[in-house]
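Enquirer: The file below is upload.tsv, TSV, C-alpha atoms:
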chain	number	residue	atom	x	y	z
G	1	MET	CA	0.00	0.00	0.00
G	2	THR	CA	1.53	3.31	-1.13
G	3	MET	CA	1.19	6.15	1.34
G	4	LEU	CA	0.06	9.41	-0.21
G	5	LEU	CA	-0.17	11.68	2.84
G	6	SER	CA	1.91	11.29	5.98
G	7	LEU	CA	1.94	13.33	9.18
G	8	GLU	CA	4.65	12.46	11.68
G	9	LYS	CA	4.24	14.00	15.13
G	10	ILE	CA	3.33	17.46	13.83
G	11	GLU	CA	2.86	20.46	16.09
G	12	ALA	CA	0.89	23.63	15.33
G	13	PHE	CA	0.33	26.93	17.10
G	14	TYR	CA	-2.09	29.83	17.07
G	15	GLY	CA	0.37	32.55	18.02
G	16	PRO	CA	1.87	31.50	21.36
G	17	VAL	CA	-0.86	28.90	22.00
G	18	GLN	CA	-0.02	25.33	21.02
G	19	ALA	CA	-2.93	23.46	19.42
G	20	LEU	CA	-1.36	20.22	18.16
G	21	PHE	CA	1.01	18.15	20.27
G	22	GLY	CA	2.49	15.53	17.97
G	23	VAL	CA	-0.29	14.34	15.66
G	24	SER	CA	0.52	11.41	13.40
G	25	LEU	CA	-1.65	9.97	10.64
G	26	ASP	CA	-1.40	8.77	7.07
G	27	VAL	CA	-3.63	8.19	4.08
G	28	ALA	CA	-2.79	5.63	1.41
G	29	GLU	CA	-3.60	5.80	-2.29
G	30	GLY	CA	-7.32	5.12	-2.75
G	31	GLU	CA	-7.99	4.99	0.99
G	32	VAL	CA	-10.66	6.78	3.03
G	33	VAL	CA	-9.52	7.85	6.52
G	34	ALA	CA	-11.84	9.40	9.11
G	35	LEU	CA	-10.43	12.10	11.41
G	36	MET	CA	-12.58	12.19	14.53
G	37	GLY	CA	-12.82	13.83	17.92
G	38	ARG	CA	-15.02	16.11	19.98
G	39	ASN	CA	-15.27	19.81	19.15
G	40	GLY	CA	-12.09	21.74	19.82
G	41	MET	CA	-9.79	18.72	19.84
G	42	GLY	CA	-7.68	19.71	16.83
G	43	LYS	CA	-9.39	18.27	13.76
G	44	THR	CA	-9.74	21.49	11.78
G	45	THR	CA	-6.30	22.62	12.95
G	46	THR	CA	-4.87	19.41	11.52
G	47	VAL	CA	-6.66	20.05	8.22
G	48	LYS	CA	-5.36	23.64	8.13
G	49	SER	CA	-1.83	22.39	8.79
G	50	ILE	CA	-2.03	19.88	5.94
G	51	CYS	CA	-3.31	22.50	3.51
G	52	GLY	CA	-0.85	25.22	4.48
G	53	LEU	CA	-3.47	27.49	6.05
G	54	LEU	CA	-1.70	27.33	9.42
G	55	PRO	CA	2.06	27.07	9.93
G	56	ALA	CA	3.04	23.61	11.13
G	57	SER	CA	6.26	22.02	12.22
G	58	ARG	CA	8.12	19.70	9.92
G	59	GLY	CA	6.70	16.24	9.48
G	60	ILE	CA	4.11	16.56	6.70
G	61	SER	CA	4.77	14.86	3.37
G	62	PHE	CA	2.63	14.31	0.30
G	63	ALA	CA	3.49	11.86	-2.47
G	64	GLY	CA	6.88	11.43	-0.84
G	65	GLU	CA	7.74	15.15	-0.77
G	66	PRO	CA	7.83	17.41	2.31
G	67	ILE	CA	5.10	20.08	2.18
G	68	ALA	CA	5.21	21.64	5.65
G	69	GLY	CA	5.91	25.33	5.29
G	70	LEU	CA	4.81	25.60	1.67
G	71	PRO	CA	2.17	28.22	0.79
G	72	SER	CA	-1.34	26.84	0.44
G	73	TYR	CA	-1.56	27.41	-3.33
G	74	ARG	CA	1.52	25.26	-3.92
G	75	ILE	CA	0.12	22.50	-1.72
G	76	ALA	CA	-3.15	22.62	-3.68
G	77	ARG	CA	-1.26	22.34	-6.95
G	78	LYS	CA	0.46	19.21	-5.72
G	79	GLY	CA	-2.96	17.52	-5.60
G	80	ILE	CA	-4.74	18.27	-2.33
G	81	GLY	CA	-8.33	19.49	-2.73
G	82	LEU	CA	-9.96	21.04	0.33
G	83	VAL	CA	-13.67	21.28	1.09
G	84	PRO	CA	-13.47	23.70	4.03
G	85	GLU	CA	-15.77	23.89	6.99
G	86	GLY	CA	-18.43	26.49	6.18
G	87	ARG	CA	-18.38	25.86	2.38
G	88	ARG	CA	-17.02	29.29	1.38
G	89	CYS	CA	-18.35	29.34	-2.17
G	90	PHE	CA	-17.88	32.48	-4.27
G	91	ALA	CA	-21.27	34.00	-3.50
G	92	SER	CA	-21.45	36.38	-6.48
G	93	LEU	CA	-20.46	33.74	-9.06
G	94	THR	CA	-22.79	31.23	-10.66
G	95	VAL	CA	-22.51	27.51	-10.02
G	96	GLU	CA	-20.73	27.04	-13.34
G	97	GLU	CA	-18.38	29.95	-12.69
G	98	ASN	CA	-17.49	28.59	-9.23
G	99	LEU	CA	-16.56	25.27	-10.78
G	100	LYS	CA	-14.63	26.70	-13.71
G	101	ALA	CA	-12.69	29.02	-11.41
G	102	ALA	CA	-11.08	25.98	-9.77
G	103	ALA	CA	-10.67	23.82	-12.87
G	104	ARG	CA	-7.42	22.06	-13.66
G	105	LYS	CA	-6.81	19.53	-16.40
G	106	GLY	CA	-7.88	15.99	-15.58
G	107	LEU	CA	-10.82	13.61	-15.43
G	108	TRP	CA	-13.03	15.90	-13.37
G	109	ASP	CA	-14.89	18.48	-15.44
G	110	PHE	CA	-18.32	20.13	-15.23
G	111	ALA	CA	-20.07	17.14	-16.80
G	112	ARG	CA	-18.60	14.68	-14.33
G	113	VAL	CA	-19.35	16.88	-11.34
G	114	ALA	CA	-22.91	17.32	-12.62
G	115	ASP	CA	-23.22	13.55	-12.89
G	116	LEU	CA	-22.21	13.25	-9.24
G	117	PHE	CA	-24.51	16.12	-8.19
G	118	PRO	CA	-27.35	16.55	-10.73
G	119	ARG	CA	-28.70	19.53	-8.79
G	120	LEU	CA	-25.66	21.54	-9.84
G	121	ALA	CA	-26.48	20.99	-13.49
G	122	GLU	CA	-30.04	22.19	-12.86
G	123	ARG	CA	-28.73	25.34	-11.16
G	124	ARG	CA	-25.65	25.99	-13.27
G	125	GLN	CA	-26.64	29.61	-14.01
G	126	GLN	CA	-27.75	30.46	-10.45
G	127	LYS	CA	-25.46	32.47	-8.21
G	128	ALA	CA	-24.05	30.55	-5.29
G	129	VAL	CA	-25.64	32.93	-2.79
G	130	SER	CA	-29.10	31.80	-3.96
G	131	LEU	CA	-28.44	28.11	-3.31
G	132	SER	CA	-29.60	26.18	-0.26
G	133	GLY	CA	-27.02	25.12	2.30
G	134	GLY	CA	-26.98	21.59	0.93
G	135	GLU	CA	-26.54	22.79	-2.63
G	136	GLN	CA	-23.68	25.05	-1.56
G	137	GLN	CA	-22.03	22.03	0.07
G	138	MET	CA	-22.38	20.07	-3.16
G	139	LEU	CA	-20.83	23.01	-4.98
G	140	ALA	CA	-17.93	23.16	-2.53
G	141	ILE	CA	-17.23	19.46	-3.06
G	142	GLY	CA	-17.58	19.84	-6.83
G	143	ARG	CA	-15.22	22.81	-6.82
G	144	ALA	CA	-12.56	20.79	-4.96
G	145	LEU	CA	-12.99	17.91	-7.42
G	146	MET	CA	-12.53	20.30	-10.34
G	147	THR	CA	-8.92	20.76	-9.17
G	148	ASN	CA	-8.51	17.03	-9.98
G	149	PRO	CA	-6.95	16.21	-6.61
G	150	ARG	CA	-5.19	13.04	-5.58
G	151	LEU	CA	-6.40	13.66	-2.02
G	152	LEU	CA	-9.79	15.16	-1.15
G	153	VAL	CA	-10.04	16.67	2.34
G	154	LEU	CA	-13.59	17.08	3.65
G	155	ASP	CA	-13.97	19.17	6.81
G	156	GLU	CA	-17.45	18.66	8.32
G	157	ALA	CA	-19.08	18.22	4.91
G	158	THR	CA	-22.49	17.25	6.32
G	159	GLU	CA	-22.70	19.53	9.36
G	160	GLY	CA	-25.95	21.48	9.70
G	161	LEU	CA	-27.64	19.92	6.68
G	162	ALA	CA	-31.12	18.41	6.47
G	163	PRO	CA	-31.15	14.60	6.77
G	164	VAL	CA	-32.16	14.03	3.14
G	165	VAL	CA	-29.32	16.25	1.91
G	166	ARG	CA	-26.86	14.62	4.29
G	167	GLN	CA	-27.77	11.29	2.73
G	168	GLU	CA	-27.07	12.66	-0.76
G	169	ILE	CA	-23.64	13.84	0.37
G	170	TRP	CA	-22.81	10.48	1.93
G	171	GLN	CA	-23.93	8.68	-1.21
G	172	ALA	CA	-21.64	10.92	-3.25
G	173	ILE	CA	-18.70	10.19	-0.94
G	174	ASP	CA	-19.38	6.46	-1.24
G	175	SER	CA	-19.49	6.83	-5.02
G	176	LEU	CA	-16.15	8.66	-4.98
G	177	LYS	CA	-14.61	5.85	-2.96
G	178	ARG	CA	-15.92	3.10	-5.20
G	179	GLN	CA	-15.52	4.70	-8.61
G	180	SER	CA	-12.94	7.48	-8.62
G	181	GLY	CA	-9.95	6.07	-6.75
G	182	VAL	CA	-9.30	9.43	-5.09
G	183	SER	CA	-7.97	9.27	-1.54
G	184	ILE	CA	-10.16	10.96	1.08
G	185	LEU	CA	-9.50	12.40	4.53
G	186	ILE	CA	-12.85	13.15	6.10
G	187	VAL	CA	-13.74	15.00	9.30
G	188	ASP	CA	-17.24	14.24	10.55
G	189	LYS	CA	-19.18	13.28	13.65
G	190	SER	CA	-21.54	10.71	12.10
G	191	LEU	CA	-20.08	7.39	13.16
G	192	LYS	CA	-22.74	5.34	11.39
G	193	GLU	CA	-22.09	6.94	8.02
G	194	LEU	CA	-18.32	7.06	8.53
G	195	GLY	CA	-18.40	3.35	9.23
G	196	GLN	CA	-19.87	2.75	5.78
G	197	VAL	CA	-17.15	4.63	3.86
G	198	ALA	CA	-13.99	4.85	6.00
G	199	ASP	CA	-11.26	2.21	5.89
G	200	ARG	CA	-9.43	3.52	8.94
G	201	GLY	CA	-9.91	6.15	11.60
G	202	VAL	CA	-7.86	8.48	13.79
G	203	ILE	CA	-9.23	10.05	16.97
G	204	LEU	CA	-7.83	13.30	18.37
G	205	GLU	CA	-8.05	14.35	22.00
G	206	ARG	CA	-6.66	17.73	23.07
G	207	GLY	CA	-4.40	18.00	20.06
G	208	GLU	CA	-3.02	14.46	20.21
G	209	ASP	CA	-3.91	11.28	18.37
G	210	VAL	CA	-5.19	8.80	20.95
G	211	TRP	CA	-6.55	6.02	18.75
G	212	THR	CA	-5.71	4.79	15.25
G	213	GLY	CA	-6.98	1.68	13.57
G	214	ARG	CA	-9.31	-0.05	11.17
G	215	PHE	CA	-12.71	1.56	11.45
G	216	SER	CA	-14.25	-1.85	11.97
G	217	ASP	CA	-12.12	-2.20	15.12
G	218	LEU	CA	-13.50	0.93	16.78
G	219	ASP	CA	-15.34	-0.51	19.77
G	220	ALA	CA	-18.21	1.11	21.63
G	221	GLU	CA	-16.13	1.79	24.77
G	222	THR	CA	-13.48	3.73	22.84
G	223	ALA	CA	-16.07	5.64	20.85
G	224	ASP	CA	-17.93	6.62	24.01
G	225	ARG	CA	-14.74	7.62	25.81
G	226	PHE	CA	-13.38	9.92	23.13
G	227	LEU	CA	-16.40	10.79	20.99
G	228	GLY	CA	-19.38	10.65	23.33
G	229	VAL	CA	-21.13	13.77	24.54
Here is a file; write its structure as structure tokens.
Expert:
Amino acid sequence: MTMLLSLEKIEAFYGPVQALFGVSLDVAEGEVVALMGRNGMGKTTTVKSICGLLPASRGISFAGEPIAGLPSYRIARKGIGLVPEGRRCFASLTVEENLKAAARKGLWDFARVADLFPRLAERRQQKAVSLSGGEQQMLAIGRALMTNPRLLVLDEATEGLAPVVRQEIWQAIDSLKRQSGVSILIVDKSLKELGQVADRGVILERGEDVWTGRFSDLDAETADRFLGV
């Protein structure tokens, strides 16, 4: 199994405040890894560190090359597509313009994104600001795919969405796993749905990884201890 992303005991800070205390994880080619933990435990900070949105210590490599310290646009060009928490679509642009703004050469184009999310084809000329929250999330995922990434990073992709829309998003993620071959690092709180798509999982607690393993080996006691309310 060829490792695509590797984090080796990384640390990260917000000014003088340390947020990560030696987080390690990896994602192999074609693998789906779930990054889990309660709110405020370092999940989004880890994502920001991977994508160059927050300075991190050495110890991050992608496709065998060190990327810690690189600007975010260079990391994106290497093949990491981010779907950020909060969607962050270009509100004044249409659906089609949002997608084309991120486009890079490869298998993913407007037609393929529209096949994954038919609603985007129906609303291609609508401005992003006029879309529902679920449609904006589909657009954010589609925009990341238009960069033709080797690794797709999904930060809370289903948070705050209606159940029927959440199900559409999970179905799309499952389809990506089965049909596209893209590697996925996914942050989410829905253990049931994660269990259907994730190969492995990593749990963070106070900026440290406290459990790593096959998702099928995540027992109820561990889940309750580190993920329960």
Enquirer: With distances taken over only C-alpha atoms, which residue among G:Ser6, G:Asn98, G:Ser175, G:Gln196 lies nearest Thr147 in chain G?
Expert: G:Asn98
Enquirer: Please report the interatomic distance between CA of Ser72 in chain G and CA of Pro84 in chain G in Å with one decimal.
Expert: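 A separation of 13.0 Å between them.
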Enquirer: From the options G:Leu139, G:Ser183, G:Asp174, G:Gly40, which residue's atoms come nearest to Leu4 in chain G, counting all atoms listed in the file?
Expert: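 Distance minimum relative to Leu4 in chain G lands on G:Ser183.
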Enquirer: CA of Ala19 in chain G to CA of Gly37 in chain G: how many Å, to one decimal?
Expert: 13.9 Å
Enquirer: For a quick check of understanding, using all atoms listed in the file, which of G:Leu131, G:Ala91, G:Ala102, G:Ala198 has the smallest distance to Arg178 in chain G?
Expert: G:Ala198
Enquirer: Within 12 Å of (-0.8, 24.3, -1.8) in the file's own coordinates, which protein, DNA or RNA residues have an atom, counting all atoms listed in the file? List them as a VMD selection string.
Expert: chain G and resid 48 to 54 62 66 to 82 147 149
Enquirer: Go ahead and dump the residues you just picked, C-alpha atoms, as a PDB file, keeping the file's coordinate frame.
Expert:
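Now in again-v7.pdb:
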ATOM      1  CA  LYS G  48      -5.360  23.640   8.130  1.00  0.00           C
ATOM      2  CA  SER G  49      -1.830  22.390   8.790  1.00  0.00           C
ATOM      3  CA  ILE G  50      -2.030  19.880   5.940  1.00  0.00           C
ATOM      4  CA  CYS G  51      -3.310  22.500   3.510  1.00  0.00           C
ATOM      5  CA  GLY G  52      -0.850  25.220   4.480  1.00  0.00           C
ATOM      6  CA  LEU G  53      -3.470  27.490   6.050  1.00  0.00           C
ATOM      7  CA  LEU G  54      -1.700  27.330   9.420  1.00  0.00           C
ATOM      8  CA  PHE G  62       2.630  14.310   0.300  1.00  0.00           C
ATOM      9  CA  PRO G  66       7.830  17.410   2.310  1.00  0.00           C
ATOM     10  CA  ILE G  67       5.100  20.080   2.180  1.00  0.00           C
ATOM     11  CA  ALA G  68       5.210  21.640   5.650  1.00  0.00           C
ATOM     12  CA  GLY G  69       5.910  25.330   5.290  1.00  0.00           C
ATOM     13  CA  LEU G  70       4.810  25.600   1.670  1.00  0.00           C
ATOM     14  CA  PRO G  71       2.170  28.220   0.790  1.00  0.00           C
ATOM     15  CA  SER G  72      -1.340  26.840   0.440  1.00  0.00           C
ATOM     16  CA  TYR G  73      -1.560  27.410  -3.330  1.00  0.00           C
ATOM     17  CA  ARG G  74       1.520  25.260  -3.920  1.00  0.00           C
ATOM     18  CA  ILE G  75       0.120  22.500  -1.720  1.00  0.00           C
ATOM     19  CA  ALA G  76      -3.150  22.620  -3.680  1.00  0.00           C
ATOM     20  CA  ARG G  77      -1.260  22.340  -6.950  1.00  0.00           C
ATOM     21  CA  LYS G  78       0.460  19.210  -5.720  1.00  0.00           C
ATOM     22  CA  GLY G  79      -2.960  17.520  -5.600  1.00  0.00           C
ATOM     23  CA  ILE G  80      -4.740  18.270  -2.330  1.00  0.00           C
ATOM     24  CA  GLY G  81      -8.330  19.490  -2.730  1.00  0.00           C
ATOM     25  CA  LEU G  82      -9.960  21.040   0.330  1.00  0.00           C
ATOM     26  CA  THR G 147      -8.920  20.760  -9.170  1.00  0.00           C
ATOM     27  CA  PRO G 149      -6.950  16.210  -6.610  1.00  0.00           C
TER      28      PRO G 149
END
Enquirer: Between G:Leu116, G:Ala223, G:Met138, G:Ala103, which one has atoms that come closest to Arg166 in chain G, using all atoms listed in the file?
Expert: G:Met138
Enquirer: Select, from G:Leu5, G:Ala111, G:Val129, G:Ala34, the residue with the minimum atom-to-atom distance to Ser216 in chain G, counting all atoms listed in the file.
Expert: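 Checking each of G:Leu5, G:Ala111, G:Val129, G:Ala34 against Ser216 in chain G, counting all atoms listed in the file, the winner is G:Ala34.
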Enquirer: Which residues, written as a list in words, have at least one atom at most 12 Å from Phe117 in chain G, with all atoms listed in the file counted and residues fewer than 4 positions away on the same chain left out?
Expert: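 Close residues of Phe117 in chain G: Val95, Phe110, Ala111, Arg112, Val113, Ala121, Glu122, Arg123, Arg124, Gly134, Glu135, Gln136, Gln137, Met138, Leu139, Ala140, Ile141, Gly142, Arg143, Leu145, Val165, Glu168, Ile169, Trp170, Gln171, Ala172, Ile173, Ser175 and Leu176 of chain G.
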Enquirer: For the residues in that selection, give me C-alpha atoms as a tab-separated table (two decimals), in the coordinates of the input.
Expert:
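New file again12.tsv:
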chain	number	residue	atom	x	y	z
G	95	VAL	CA	-22.51	27.51	-10.02
G	110	PHE	CA	-18.32	20.13	-15.23
G	111	ALA	CA	-20.07	17.14	-16.80
G	112	ARG	CA	-18.60	14.68	-14.33
G	113	VAL	CA	-19.35	16.88	-11.34
G	121	ALA	CA	-26.48	20.99	-13.49
G	122	GLU	CA	-30.04	22.19	-12.86
G	123	ARG	CA	-28.73	25.34	-11.16
G	124	ARG	CA	-25.65	25.99	-13.27
G	134	GLY	CA	-26.98	21.59	0.93
G	135	GLU	CA	-26.54	22.79	-2.63
G	136	GLN	CA	-23.68	25.05	-1.56
G	137	GLN	CA	-22.03	22.03	0.07
G	138	MET	CA	-22.38	20.07	-3.16
G	139	LEU	CA	-20.83	23.01	-4.98
G	140	ALA	CA	-17.93	23.16	-2.53
G	141	ILE	CA	-17.23	19.46	-3.06
G	142	GLY	CA	-17.58	19.84	-6.83
G	143	ARG	CA	-15.22	22.81	-6.82
G	145	LEU	CA	-12.99	17.91	-7.42
G	165	VAL	CA	-29.32	16.25	1.91
G	168	GLU	CA	-27.07	12.66	-0.76
G	169	ILE	CA	-23.64	13.84	0.37
G	170	TRP	CA	-22.81	10.48	1.93
G	171	GLN	CA	-23.93	8.68	-1.21
G	172	ALA	CA	-21.64	10.92	-3.25
G	173	ILE	CA	-18.70	10.19	-0.94
G	175	SER	CA	-19.49	6.83	-5.02
G	176	LEU	CA	-16.15	8.66	-4.98
Enquirer: Hey, which of G:Arg225, G:Asp217, G:Ile186, G:Glu208 ends up closest to Val32 in chain G? Count only C-alpha atoms.
Expert: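 Of G:Arg225, G:Asp217, G:Ile186, G:Glu208, the one nearest Val32 in chain G, counting only C-alpha atoms, is G:Ile186.
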Enquirer: List every protein, DNA or RNA residue with an atom no more than 9 Å from (0.2, 9.6, 5.0) in the file's coordinates, counting only C-alpha atoms, and format the result as a PyMOL selection string.
Expert: chain G and resi 2-8+24-28+60-63
Enquirer: Could you state the separation of CA of Val202 in chain G and CA of Val33 in chain G in Å, given to one decimal place?
Expert: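 That distance, rounded to one decimal, is 7.5 Å.
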Enquirer: Can you pull out the residues contacting Glu97 in chain G? Cut-off 9 Å, using all atoms listed in the file, and skip same-chain residues under 4 positions away; I want them as a list in words.
Expert: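 The filter keeps Phe90, Leu93, Ala101, Ala102, Arg124, Gln125 and Lys127 of chain G.
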Enquirer: Skip range 9-14 of chain G itself and residues of its chain fewer than 6 positions away, then list as a list in words all residues within 7 Å of it, counting all atoms listed in the file.
Expert: Leu20, Phe21, Gly22, Val23, Ser24, Pro55, Ala56, Ser57, Arg58 and Gly59 of chain G
Enquirer: List as a list of chain:residue names the protein and nucleic acid residues near Glu156 in chain G, meaning an atom at most 9 Å away when only C-alpha atoms are counted, but skip any in the same chain fewer than 6 places from it.
Expert: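 The filter keeps G:Thr44, G:Val83, G:Pro84, G:Glu85, G:Gly86, G:Ile186, G:Val187, G:Asp188, G:Lys189.
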